[in-house]
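*Asks:* Compact mmCIF, C-alpha atoms, file input-v9.txt:
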# COMPACT_ATOMS: atom_id res chain seq x y z
CA MET A 1 10.02 -3.65 7.01
CA ASN A 2 10.34 -2.01 10.43
CA MET A 3 13.23 0.13 9.15
CA ILE A 4 11.00 1.34 6.31
CA ASN A 5 8.28 2.23 8.79
CA LYS A 6 10.74 4.25 10.87
CA VAL A 7 12.06 6.15 7.86
CA PHE A 8 8.83 6.84 5.99
CA SER A 9 5.61 8.37 7.28
CA ALA A 10 2.20 6.99 6.36
CA GLU A 11 1.76 9.80 3.86
CA GLN A 12 5.11 9.04 2.22
CA LEU A 13 4.29 5.33 2.01
CA ASP A 14 0.97 6.18 0.37
CA ASN A 15 2.75 8.40 -2.14
CA LYS A 16 5.02 5.49 -3.08
CA ASP A 17 2.15 2.97 -3.30
CA PRO A 18 1.62 1.69 -6.88
CA LEU A 19 -1.92 0.61 -5.97
CA ALA A 20 -2.93 3.89 -4.34
CA LEU A 21 -5.28 4.99 -7.14
CA LYS A 22 -7.26 1.73 -7.00
CA VAL A 23 -9.30 3.12 -4.12
CA GLU A 24 -11.09 5.26 -6.72
CA ALA A 25 -12.66 2.08 -8.13
CA PHE A 26 -14.73 1.65 -4.94
CA SER A 27 -17.75 3.41 -3.44
CA LEU A 28 -16.59 3.80 0.15
CA PRO A 29 -18.43 5.87 2.76
CA ASP A 30 -16.81 9.08 3.93
CA ASP A 31 -15.08 9.13 7.32
CA THR A 32 -14.93 5.33 7.46
CA ILE A 33 -11.83 3.14 7.62
CA TYR A 34 -12.75 -0.33 6.42
CA LEU A 35 -10.76 -3.20 7.93
CA ASP A 36 -13.36 -5.90 7.31
CA GLY A 37 -12.86 -6.70 3.63
CA ASN A 38 -11.97 -10.23 4.70
CA SER A 39 -15.61 -10.62 5.75
CA LEU A 40 -17.46 -8.48 3.20
CA GLY A 41 -15.72 -6.51 0.48
CA PRO A 42 -16.96 -2.97 -0.27
CA LEU A 43 -18.92 -1.97 -3.37
CA PRO A 44 -16.92 -1.52 -6.59
CA LYS A 45 -18.26 1.27 -8.78
CA SER A 46 -18.28 -1.12 -11.73
CA ALA A 47 -20.59 -3.44 -9.79
CA GLU A 48 -22.88 -0.55 -8.87
CA ALA A 49 -23.21 0.41 -12.54
CA ARG A 50 -23.79 -3.20 -13.62
CA ALA A 51 -26.51 -3.68 -11.01
CA SER A 52 -28.48 -0.82 -12.52
CA GLU A 53 -27.86 -1.96 -16.08
CA VAL A 54 -28.78 -5.60 -15.55
CA VAL A 55 -32.00 -4.71 -13.72
CA LYS A 56 -33.19 -1.78 -15.83
CA GLN A 57 -32.01 -2.78 -19.27
CA GLN A 58 -31.28 -6.50 -19.40
CA TRP A 59 -34.20 -7.61 -17.26
CA GLY A 60 -36.42 -4.56 -17.58
CA GLN A 61 -36.23 -4.08 -21.36
CA ASP A 62 -34.70 -7.16 -22.95
CA LEU A 63 -36.57 -9.61 -20.72
CA ILE A 64 -36.07 -13.28 -21.52
CA THR A 65 -34.04 -12.57 -24.64
CA SER A 66 -31.19 -11.66 -22.28
CA TRP A 67 -30.42 -15.34 -21.72
CA ASN A 68 -28.83 -15.27 -25.16
CA LYS A 69 -28.41 -11.56 -25.91
CA HIS A 70 -26.48 -10.80 -22.71
CA GLN A 71 -25.07 -14.31 -22.22
CA TRP A 72 -26.92 -14.96 -18.98
CA ILE A 73 -26.76 -18.67 -19.71
CA SER A 74 -22.94 -18.59 -19.91
CA LEU A 75 -22.30 -16.43 -16.84
CA PRO A 76 -21.28 -19.34 -14.55
CA GLN A 77 -18.52 -20.37 -16.93
CA LEU A 78 -17.46 -16.82 -17.90
CA VAL A 79 -17.26 -15.67 -14.28
CA GLY A 80 -15.68 -18.98 -13.30
CA ASP A 81 -12.83 -18.42 -15.74
CA LYS A 82 -12.34 -14.87 -14.44
CA ILE A 83 -11.99 -16.27 -10.93
CA GLY A 84 -9.74 -19.01 -12.27
CA ASN A 85 -7.31 -16.36 -13.50
CA LEU A 86 -7.03 -15.11 -9.91
CA ILE A 87 -6.44 -18.53 -8.34
CA GLY A 88 -4.02 -20.08 -10.78
CA ALA A 89 -6.46 -22.23 -12.76
CA LYS A 90 -6.57 -22.53 -16.53
CA ASN A 91 -9.91 -22.01 -18.25
CA GLY A 92 -12.54 -24.71 -18.01
CA GLN A 93 -11.80 -25.77 -14.43
CA VAL A 94 -13.77 -23.23 -12.36
CA ILE A 95 -17.53 -22.72 -12.33
CA CYS A 96 -19.40 -20.03 -10.41
CA CYS A 97 -22.48 -21.33 -8.59
CA ASP A 98 -24.35 -21.76 -5.32
CA SER A 99 -22.61 -21.29 -1.95
CA ILE A 100 -19.48 -22.77 -0.38
CA SER A 101 -21.64 -25.02 1.79
CA ILE A 102 -23.55 -26.54 -1.13
CA ASN A 103 -20.38 -26.80 -3.19
CA LEU A 104 -18.60 -28.64 -0.40
CA PHE A 105 -21.38 -31.22 -0.34
CA LYS A 106 -21.00 -31.74 -4.08
CA VAL A 107 -17.23 -32.09 -4.06
CA LEU A 108 -17.01 -34.25 -0.96
CA SER A 109 -19.62 -36.63 -2.36
CA ALA A 110 -17.81 -36.87 -5.69
CA ALA A 111 -14.41 -37.32 -4.05
CA LEU A 112 -15.65 -40.22 -1.90
CA LYS A 113 -16.98 -41.94 -5.00
CA MET A 114 -13.54 -41.61 -6.58
CA ARG A 115 -11.95 -43.42 -3.61
CA PRO A 116 -14.64 -46.08 -2.88
CA GLU A 117 -12.32 -48.27 -0.80
CA ARG A 118 -11.63 -45.41 1.65
CA LYS A 119 -14.12 -44.19 4.24
CA VAL A 120 -12.50 -41.25 6.03
CA ILE A 121 -12.68 -37.50 5.47
CA ALA A 122 -9.85 -35.68 7.24
CA THR A 123 -9.97 -32.04 8.30
CA THR A 124 -8.89 -29.79 11.16
CA ARG A 125 -10.93 -29.13 14.29
CA ASP A 126 -10.44 -25.37 13.83
CA ASN A 127 -11.64 -25.40 10.23
CA PHE A 128 -14.45 -22.96 9.46
CA PRO A 129 -17.58 -24.44 11.06
CA THR A 130 -19.70 -24.68 7.91
CA ASP A 131 -17.05 -26.93 6.32
CA ILE A 132 -17.23 -29.29 9.28
CA TYR A 133 -21.03 -29.11 9.43
CA MET A 134 -21.30 -30.18 5.80
CA VAL A 135 -19.08 -33.18 6.48
CA GLN A 136 -21.21 -34.12 9.48
CA GLY A 137 -24.41 -33.82 7.44
CA LEU A 138 -22.99 -35.93 4.62
CA LEU A 139 -21.88 -38.61 7.07
CA GLU A 140 -25.41 -38.84 8.47
CA LEU A 141 -26.59 -39.72 4.96
CA LEU A 142 -23.79 -42.20 4.33
CA GLY A 143 -24.04 -44.08 7.62
CA ASP A 144 -21.61 -45.47 10.18
CA GLU A 145 -19.23 -46.89 7.60
CA TYR A 146 -17.85 -43.39 6.99
CA SER A 147 -16.22 -41.04 9.48
CA VAL A 148 -14.48 -37.71 9.92
CA ARG A 149 -10.99 -37.51 11.41
CA TYR A 150 -9.69 -34.34 12.98
CA ILE A 151 -5.99 -33.60 12.52
CA ASP A 152 -3.70 -30.94 13.94
CA GLU A 153 -3.08 -28.19 11.38
CA SER A 154 0.46 -27.69 12.71
CA ASN A 155 1.61 -31.16 11.60
CA ILE A 156 -0.69 -32.34 8.85
CA GLY A 157 1.69 -34.54 6.87
CA ALA A 158 2.51 -36.80 9.80
CA GLN A 159 -1.17 -37.55 10.38
CA LEU A 160 -2.08 -38.71 6.89
CA SER A 161 -2.90 -42.39 6.44
CA ASP A 162 -3.99 -44.75 3.68
CA ASP A 163 -7.63 -44.93 4.83
CA ILE A 164 -8.27 -41.23 4.11
CA ALA A 165 -10.25 -40.59 0.94
CA VAL A 166 -10.18 -36.79 0.94
CA LEU A 167 -8.29 -34.16 2.90
CA MET A 168 -10.40 -31.01 3.32
CA LEU A 169 -8.49 -27.92 4.43
CA THR A 170 -8.97 -24.17 4.48
CA GLN A 171 -5.81 -22.50 3.25
CA VAL A 172 -6.09 -19.54 5.66
CA ASN A 173 -7.47 -20.08 9.16
CA PHE A 174 -10.42 -17.71 9.59
CA ARG A 175 -9.49 -16.84 13.18
CA THR A 176 -5.70 -16.69 13.37
CA GLY A 177 -4.82 -16.15 9.72
CA LEU A 178 -2.46 -19.16 9.63
CA LYS A 179 -1.68 -19.89 5.98
CA LEU A 180 -1.06 -23.53 5.13
CA ASP A 181 1.52 -24.62 2.58
CA MET A 182 -0.77 -25.76 -0.21
CA GLN A 183 1.94 -27.22 -2.42
CA SER A 184 3.73 -29.35 0.15
CA ILE A 185 0.55 -30.59 1.87
CA THR A 186 -1.04 -31.52 -1.45
CA ALA A 187 2.10 -33.44 -2.44
CA LEU A 188 2.13 -35.31 0.87
CA ALA A 189 -1.54 -36.22 0.43
CA HIS A 190 -0.94 -37.45 -3.10
CA ASP A 191 1.90 -39.65 -1.85
CA ARG A 192 -0.85 -41.59 -0.04
CA ASN A 193 -3.33 -41.34 -2.91
CA ILE A 194 -5.50 -38.90 -0.93
CA LEU A 195 -7.59 -36.35 -2.83
CA THR A 196 -7.29 -32.73 -1.69
CA LEU A 197 -10.08 -30.19 -1.27
CA TRP A 198 -9.03 -26.63 -0.44
CA ASP A 199 -11.34 -23.88 0.82
CA LEU A 200 -10.11 -20.54 -0.54
CA ALA A 201 -12.54 -18.25 1.30
CA HIS A 202 -9.70 -16.15 2.77
CA SER A 203 -7.30 -16.65 -0.14
CA ALA A 204 -8.98 -15.73 -3.43
CA GLY A 205 -8.14 -12.14 -4.30
CA ALA A 206 -5.84 -11.67 -1.31
CA PHE A 207 -2.59 -13.21 -2.60
CA PRO A 208 -1.42 -15.50 -5.42
CA VAL A 209 -3.04 -18.93 -5.36
CA CYS A 210 -1.59 -21.57 -7.68
CA LEU A 211 -4.10 -24.41 -7.93
CA ASP A 212 -2.76 -25.90 -11.15
CA ASP A 213 0.89 -25.55 -10.18
CA CYS A 214 0.20 -27.13 -6.78
CA ASP A 215 -1.58 -30.07 -8.45
CA VAL A 216 -4.69 -29.48 -6.31
CA ASP A 217 -7.62 -31.80 -6.97
CA PHE A 218 -10.58 -29.66 -5.89
CA ALA A 219 -11.23 -26.25 -4.39
CA VAL A 220 -14.17 -24.11 -3.32
CA GLY A 221 -14.41 -20.48 -2.35
CA CYS A 222 -16.67 -17.50 -1.82
CA THR A 223 -16.63 -14.22 -3.71
CA TYR A 224 -17.97 -11.68 -1.22
CA LYS A 225 -14.73 -11.16 0.70
CA TYR A 226 -11.57 -10.09 -1.15
CA LEU A 227 -13.32 -10.49 -4.53
CA ASN A 228 -15.92 -7.84 -3.55
CA GLY A 229 -18.88 -9.64 -5.15
CA GLY A 230 -21.48 -8.39 -2.65
CA PRO A 231 -23.41 -9.98 0.23
CA GLY A 232 -24.45 -13.52 -0.65
CA ALA A 233 -22.58 -13.43 -3.96
CA PRO A 234 -22.30 -16.85 -5.63
CA ALA A 235 -19.39 -19.11 -4.75
CA PHE A 236 -17.18 -21.21 -7.01
CA ILE A 237 -15.86 -24.74 -7.53
CA TYR A 238 -12.55 -25.84 -9.02
CA VAL A 239 -12.29 -29.35 -10.44
CA ALA A 240 -8.90 -30.15 -11.93
CA GLY A 241 -9.22 -31.03 -15.60
CA ARG A 242 -7.67 -34.46 -15.06
CA HIS A 243 -10.59 -35.44 -12.79
CA GLN A 244 -13.55 -34.15 -14.77
CA SER A 245 -14.24 -37.42 -16.61
CA GLN A 246 -14.46 -39.35 -13.30
CA TYR A 247 -16.11 -36.65 -11.23
CA LYS A 248 -19.80 -37.13 -10.47
CA GLN A 249 -21.62 -34.97 -7.95
CA PRO A 250 -25.05 -35.99 -6.63
CA LEU A 251 -27.10 -32.78 -7.02
CA SER A 252 -28.15 -33.57 -10.58
CA GLY A 253 -30.03 -30.43 -11.51
CA TRP A 254 -31.04 -29.58 -15.03
CA MET A 255 -28.33 -26.96 -15.59
CA GLY A 256 -25.71 -29.64 -14.97
CA HIS A 257 -27.18 -31.80 -17.74
CA SER A 258 -25.16 -32.23 -20.92
CA ALA A 259 -28.10 -30.83 -22.91
CA PRO A 260 -30.47 -29.05 -20.52
CA PHE A 261 -32.80 -27.75 -23.21
CA SER A 262 -33.38 -31.20 -24.67
CA PHE A 263 -35.61 -31.74 -21.60
CA SER A 264 -34.75 -35.43 -21.50
CA PRO A 265 -36.41 -37.35 -18.63
CA ASP A 266 -33.09 -39.03 -17.81
CA TYR A 267 -30.10 -37.24 -16.37
CA ALA A 268 -26.89 -37.22 -18.40
CA PRO A 269 -24.23 -35.13 -16.65
CA ASP A 270 -22.12 -32.66 -18.53
CA SER A 271 -18.57 -33.94 -18.98
CA THR A 272 -16.98 -30.66 -17.84
CA VAL A 273 -16.92 -28.60 -14.65
CA LYS A 274 -20.36 -27.38 -15.74
CA GLN A 275 -21.75 -30.56 -14.16
CA ASN A 276 -21.64 -28.69 -10.83
CA LEU A 277 -24.53 -26.45 -11.86
CA CYS A 278 -27.90 -27.36 -10.38
CA GLY A 279 -30.78 -24.93 -10.78
CA THR A 280 -31.06 -21.69 -12.69
CA PRO A 281 -28.18 -19.36 -11.73
CA GLY A 282 -28.88 -16.13 -9.88
CA VAL A 283 -28.26 -13.80 -12.79
CA ILE A 284 -28.39 -10.47 -10.95
CA GLY A 285 -25.88 -11.48 -8.29
CA MET A 286 -23.59 -13.19 -10.77
CA SER A 287 -23.68 -10.21 -13.14
CA ILE A 288 -22.72 -7.89 -10.30
CA LEU A 289 -19.86 -10.23 -9.39
CA ASP A 290 -18.74 -10.32 -13.01
CA ALA A 291 -18.39 -6.53 -13.01
CA ALA A 292 -16.80 -6.45 -9.54
CA LEU A 293 -13.96 -8.68 -10.73
CA ASP A 294 -12.95 -5.97 -13.20
CA VAL A 295 -11.17 -4.11 -10.38
CA PHE A 296 -8.38 -6.70 -10.68
CA GLU A 297 -7.63 -5.77 -14.29
CA GLY A 298 -4.06 -4.56 -14.68
CA VAL A 299 -3.14 -5.59 -11.13
CA SER A 300 -1.03 -8.61 -10.20
CA LEU A 301 -1.79 -10.72 -7.15
CA LYS A 302 1.90 -10.45 -6.33
CA ALA A 303 1.59 -6.67 -6.03
CA ILE A 304 -1.50 -7.08 -3.86
CA ASP A 305 0.34 -9.54 -1.61
CA GLU A 306 3.37 -7.28 -1.32
CA LYS A 307 1.26 -4.32 -0.25
CA SER A 308 -0.67 -6.49 2.20
CA LYS A 309 2.54 -7.50 3.91
CA LYS A 310 3.65 -3.86 4.12
CA LEU A 311 0.27 -2.81 5.53
CA GLN A 312 0.38 -5.53 8.17
CA ALA A 313 3.93 -4.66 9.19
CA PHE A 314 3.02 -0.97 9.37
CA PHE A 315 -0.04 -1.72 11.52
CA ILE A 316 2.01 -3.79 13.96
CA ALA A 317 4.73 -1.15 14.14
CA GLU A 318 2.19 1.61 14.79
CA ALA A 319 0.36 -0.53 17.35
CA LYS A 320 3.60 -1.10 19.24
CA ARG A 321 4.50 2.59 19.05
CA ALA A 322 1.09 3.63 20.38
CA GLY A 323 1.13 0.99 23.13
CA VAL A 324 -1.90 -0.82 21.69
CA LEU A 325 -0.22 -4.21 21.80
CA ASP A 326 0.24 -3.82 25.54
CA TYR A 327 -3.47 -4.55 25.83
CA PHE A 328 -3.73 -7.48 23.39
CA SER A 329 -2.12 -10.79 22.57
CA LEU A 330 -1.12 -11.02 18.92
CA VAL A 331 -2.22 -14.57 18.08
CA SER A 332 -1.51 -14.52 14.36
CA PRO A 333 1.52 -16.45 13.09
CA PRO A 334 4.54 -14.77 11.43
CA ILE A 335 4.03 -12.98 8.13
CA ASP A 336 5.53 -15.76 5.98
CA VAL A 337 2.79 -18.16 7.10
CA ARG A 338 -0.07 -15.66 7.42
CA GLY A 339 -2.86 -14.59 5.14
CA SER A 340 -4.03 -10.99 4.74
CA GLN A 341 -5.30 -10.51 8.28
CA LEU A 342 -4.27 -10.09 11.90
CA ALA A 343 -5.88 -11.48 15.03
CA LEU A 344 -5.66 -9.72 18.38
CA ALA A 345 -6.94 -11.54 21.47
CA HIS A 346 -8.65 -9.78 24.38
CA ASP A 347 -11.40 -10.86 26.79
CA GLU A 348 -13.40 -7.78 25.77
CA ALA A 349 -12.69 -8.12 22.03
CA TYR A 350 -16.37 -7.92 21.05
CA ALA A 351 -17.01 -4.67 22.94
CA ILE A 352 -13.70 -3.20 21.74
CA CYS A 353 -14.70 -3.93 18.16
CA GLN A 354 -18.06 -2.23 18.65
CA ALA A 355 -16.39 0.83 20.18
CA TRP A 356 -13.98 0.97 17.23
CA ILE A 357 -16.86 0.77 14.76
CA ALA A 358 -18.61 3.61 16.59
CA GLU A 359 -15.53 5.74 15.84
CA GLY A 360 -15.67 4.93 12.13
CA VAL A 361 -13.20 2.03 12.02
CA ILE A 362 -14.91 -1.18 10.93
CA ALA A 363 -13.24 -4.46 11.88
CA ASP A 364 -14.87 -7.63 13.18
CA PHE A 365 -15.02 -10.07 16.08
CA ARG A 366 -14.63 -13.82 16.03
CA ALA A 367 -15.51 -15.94 19.04
CA PRO A 368 -14.30 -16.50 21.59
CA ASN A 369 -12.01 -13.46 21.96
CA ILE A 370 -10.56 -12.34 18.61
CA LEU A 371 -10.51 -8.82 17.22
CA ARG A 372 -9.91 -9.57 13.54
CA ILE A 373 -8.38 -7.03 11.17
CA GLY A 374 -8.47 -7.54 7.42
CA PHE A 375 -6.05 -5.95 4.96
CA ALA A 376 -7.46 -5.44 1.47
CA PRO A 377 -4.74 -3.54 -0.43
CA LEU A 378 -6.88 -2.30 -3.32
CA TYR A 379 -8.56 0.35 -1.18
CA LEU A 380 -6.69 0.48 2.14
CA SER A 381 -3.99 3.08 2.76
CA PHE A 382 -1.20 3.51 5.29
CA THR A 383 -2.85 6.73 6.43
CA ASN A 384 -6.02 4.73 7.13
CA LEU A 385 -4.03 2.41 9.39
CA GLU A 386 -2.30 5.24 11.22
CA LYS A 387 -5.67 6.77 12.09
CA ALA A 388 -7.18 3.39 12.98
CA VAL A 389 -4.38 2.56 15.41
CA GLN A 390 -4.63 5.94 17.13
CA THR A 391 -8.38 5.50 17.52
CA LEU A 392 -7.90 2.03 18.99
CA SER A 393 -5.30 3.40 21.39
CA ASP A 394 -7.74 6.04 22.62
CA ILE A 395 -10.43 3.40 23.11
CA MET A 396 -8.12 1.22 25.19
CA VAL A 397 -6.65 4.02 27.29
CA GLU A 398 -10.07 5.50 28.06
CA LYS A 399 -11.75 2.06 28.35
CA ARG A 400 -14.61 3.20 26.13
CA TYR A 401 -15.49 -0.42 25.45
CA GLU A 402 -16.93 -0.66 28.98
CA ASN A 403 -19.92 1.38 27.78
CA ALA A 404 -23.02 -0.81 28.15
CA THR A 405 -24.00 -0.15 24.53
CA PHE A 406 -20.87 -1.88 23.27
CA GLN A 407 -21.38 -4.86 25.57
CA GLN A 408 -24.69 -5.88 23.98
CA ARG A 409 -24.19 -8.71 21.48
CA GLN A 410 -25.88 -8.25 18.11
CA SER A 411 -27.10 -11.10 15.91
CA VAL A 412 -24.15 -10.77 13.53
CA THR A 413 -20.78 -10.37 15.24
Could you write out this structure as structure tokens?
*Replies:*
Amino acid sequence: MNMINKVFSAEQLDNKDPLALKVEAFSLPDDTIYLDGNSLGPLPKSAEARASEVVKQQWGQDLITSWNKHQWISLPQLVGDKIGNLIGAKNGQVICCDSISINLFKVLSAALKMRPERKVIATTRDNFPTDIYMVQGLLELLGDEYSVRYIDESNIGAQLSDDIAVLMLTQVNFRTGLKLDMQSITALAHDRNILTLWDLAHSAGAFPVCLDDCDVDFAVGCTYKYLNGGPGAPAFIYVAGRHQSQYKQPLSGWMGHSAPFSFSPDYAPDSTVKQNLCGTPGVIGMSILDAALDVFEGVSLKAIDEKSKKLQAFFIAEAKRAGVLDYFSLVSPPIDVRGSQLALAHDEAYAICQAWIAEGVIADFRAPNILRIGFAPLYLSFTNLEKAVQTLSDIMVEKRYENATFQQRQSVT
């Protein structure tokens, strides 16, 4: 990869990029380089058009008839299957609904019921906080009989034991970008009859995910990052088909009923993944997400992953050439065990990020000291990265981040 970077300029690499024209599918602001698609994806033009259509025509003109006419009632399953195609799941195993946090509560509760003799949920201490918070909240409801066990993500297999009911992991660490080996870890868990729950927040849409092939039991994920569904877009749940007859989640809302419009006073859960629905789905947000997913048509996740790796290697090579890495510690693991992001550590990472944003390069900060850079290949170019690195070099050399304006912490970092 480094030899390629030495031989070809950013412009030449862009000219050879098979995904280069995909940028035209997005509404991106002028004079902005967006390196934060791993936090919030930009607006696809298809989503922008759908937003207008669903509000003005479907809601505005067709009113309540749209539940049938425009298939509002089927959106969770239709969108779920679209997502399933991007994460290696056959139809009928993914449903789009609620948020990751709520979906974690559902799946964890159901998984514990499926292993009633076991009382431990295992996860990593550096898992995304909301995942851990949901475990802690569930344990408060269940009482002292149940517990959470924190394991080291660098040696997961050796820490698995027969008292663990469910192993809850995020495939890509949100800070460092460490990518866990889903297939081998799932197999090791199954050797001890442990159910697996994978969080795909930083995986879905970034590289190939193979839930069925890896024999995963359950998964959750959001859609507003690499899937570009918009702020607060609905999340998703994967329940492997082999588990759906046993699976029973506790939030028994009417949309999860086997016949919701029978209005029966007694709950009878649907026998499919649809059981995970609770209340009425947010049609506007889900419709926008449905259209946003169209940007993946005709594109393989393998091609996206290949470009991501090239972008990351190019960024590192440029950062070394410009002396940027003299100021930072690169805390991300090697490319073969890394998701589509890089993490640079610096005591002034927050202020540096703000100074970079002020120059039109949007990245993000993660406490305590991480400047996080996301690589979303559908709209990011090598020329973008060349300019971004040069801007960051100027900021570091001139110490622009010491400006008091950049030192003030905002509510969202």
*Asks:* Show me, as a list in words, the residues that have an atom within 10 Å of A:Leu19 when counting all atoms listed in the file, minus same-chain residues fewer than 6 positions from it.
*Replies:*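 Result of the neighbour search: Val299, Ala303, Ile304, Lys307, Pro377, Leu378, Tyr379, Leu380 and Ser381 of chain A.
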*Asks:* Taking only C-alpha atoms into account, which of A:Met286, A:Leu392, A:Ala25, A:Val273 comes nearest A:Asp326?
*Replies:*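 The shortest atom-to-atom distance to A:Asp326 comes from A:Leu392.
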*Asks:* With distances taken over only C-alpha atoms, which of A:Phe315, A:Tyr146, A:Phe8, A:Trp254 is nearest to A:Ile121?
*Replies:*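 Among the listed residues, the smallest separation from A:Ile121 belongs to A:Tyr146.
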*Asks:* Just want the 8 Å neighbourhood of stretch 104-116 of chain A, counted on all atoms listed in the file, with same-chain residues fewer than 4 positions away dropped. Output as a PyMOL selection string.
*Replies:* chain A and resi 100+131+134-135+138+165-166+195+197+218+220+246-251+276
*Asks:* Mind checking which residues fall within 8 Å of A:Tyr34, counting all atoms listed in the file, ignoring those fewer than 3 positions away in the same chain, and posting them as a PyMOL selection string?
*Replies:* chain A and resi 37+361-363+380
*Asks:* Would you please work out which residue, of A:Arg118, A:Lys22, A:Lys274, A:Arg149, is nearest to A:Ile132 when using only C-alpha atoms?
*Replies:*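 Selected residue with least distance to A:Ile132: A:Arg149.
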*Asks:* Identify the residues within 9 Å of coordinate (1.5, 4.9, 3.6) (same frame as the file), considering all atoms listed in the file, and give the answer as an MDAnalysis selection string.
*Replies:* chainID A and resid 5 8:17 311 314 381:386
*Asks:* List the residues sitting within 6 Å of (-22.2, -10.8, -6.7) in the file's frame, using all atoms listed in the file, as a count of residues only.
*Replies:* 7
*Asks:* Which is closer to A:Val337 than all the others in A:Ser39, A:Thr123, A:Asn173, A:Ser99, using all atoms listed in the file?
*Replies:*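 Selected residue with least distance to A:Val337: A:Asn173.
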*Asks:* If I take atom CA of A:His202 and atom CA of A:Val94, how far is one from the other in Å, to one decimal?
*Replies:*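 Computing the Euclidean distance for atom CA of A:His202 and atom CA of A:Val94 yields 17.2 Å.
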*Asks:* Find the residues near stretch 213-216 of chain A: any atom within 12 Å, counting all atoms listed in the file, skip ones fewer than 5 places away on the same chain, and give them as a PyMOL selection string.
*Replies:* chain A and resi 87-90+93+166-169+171+181-190+194-200+208+238-243
*Asks:* For stretch 118-129 of chain A, supply N, CA and C atoms and report the output as an mmCIF file, keeping the file's coordinate frame.
*Replies:*
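Saved to part.cif:
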data_model
loop_
_atom_site.group_PDB
_atom_site.id
_atom_site.type_symbol
_atom_site.label_atom_id
_atom_site.label_comp_id
_atom_site.auth_asym_id
_atom_site.auth_seq_id
_atom_site.Cartn_x
_atom_site.Cartn_y
_atom_site.Cartn_z
ATOM 1 N N ARG A 118 -12.013 -46.214 0.485
ATOM 2 C CA ARG A 118 -11.630 -45.410 1.650
ATOM 3 C C ARG A 118 -12.869 -44.745 2.247
ATOM 4 N N LYS A 119 -12.888 -44.624 3.568
ATOM 5 C CA LYS A 119 -14.120 -44.190 4.240
ATOM 6 C C LYS A 119 -13.922 -43.009 5.187
ATOM 7 N N VAL A 120 -12.808 -42.319 5.079
ATOM 8 C CA VAL A 120 -12.500 -41.250 6.030
ATOM 9 C C VAL A 120 -12.311 -39.919 5.310
ATOM 10 N N ILE A 121 -12.941 -38.880 5.866
ATOM 11 C CA ILE A 121 -12.680 -37.500 5.470
ATOM 12 C C ILE A 121 -11.855 -36.873 6.579
ATOM 13 N N ALA A 122 -10.707 -36.309 6.242
ATOM 14 C CA ALA A 122 -9.850 -35.680 7.240
ATOM 15 C C ALA A 122 -9.927 -34.170 7.119
ATOM 16 N N THR A 123 -9.972 -33.503 8.264
ATOM 17 C CA THR A 123 -9.970 -32.040 8.300
ATOM 18 C C THR A 123 -9.428 -31.599 9.650
ATOM 19 N N THR A 124 -9.375 -30.297 9.883
ATOM 20 C CA THR A 124 -8.890 -29.790 11.160
ATOM 21 C C THR A 124 -10.057 -29.368 12.042
ATOM 22 N N ARG A 125 -9.869 -29.490 13.346
ATOM 23 C CA ARG A 125 -10.930 -29.130 14.290
ATOM 24 C C ARG A 125 -11.246 -27.637 14.224
ATOM 25 N N ASP A 126 -10.245 -26.819 13.879
ATOM 26 C CA ASP A 126 -10.440 -25.370 13.830
ATOM 27 C C ASP A 126 -10.751 -24.888 12.414
ATOM 28 N N ASN A 127 -11.185 -25.805 11.549
ATOM 29 C CA ASN A 127 -11.640 -25.400 10.230
ATOM 30 C C ASN A 127 -12.896 -24.536 10.385
ATOM 31 N N PHE A 128 -13.235 -23.787 9.349
ATOM 32 C CA PHE A 128 -14.450 -22.960 9.460
ATOM 33 C C PHE A 128 -15.653 -23.871 9.704
ATOM 34 N N PRO A 129 -16.516 -23.530 10.653
ATOM 35 C CA PRO A 129 -17.580 -24.440 11.060
ATOM 36 C C PRO A 129 -18.450 -24.988 9.936
#
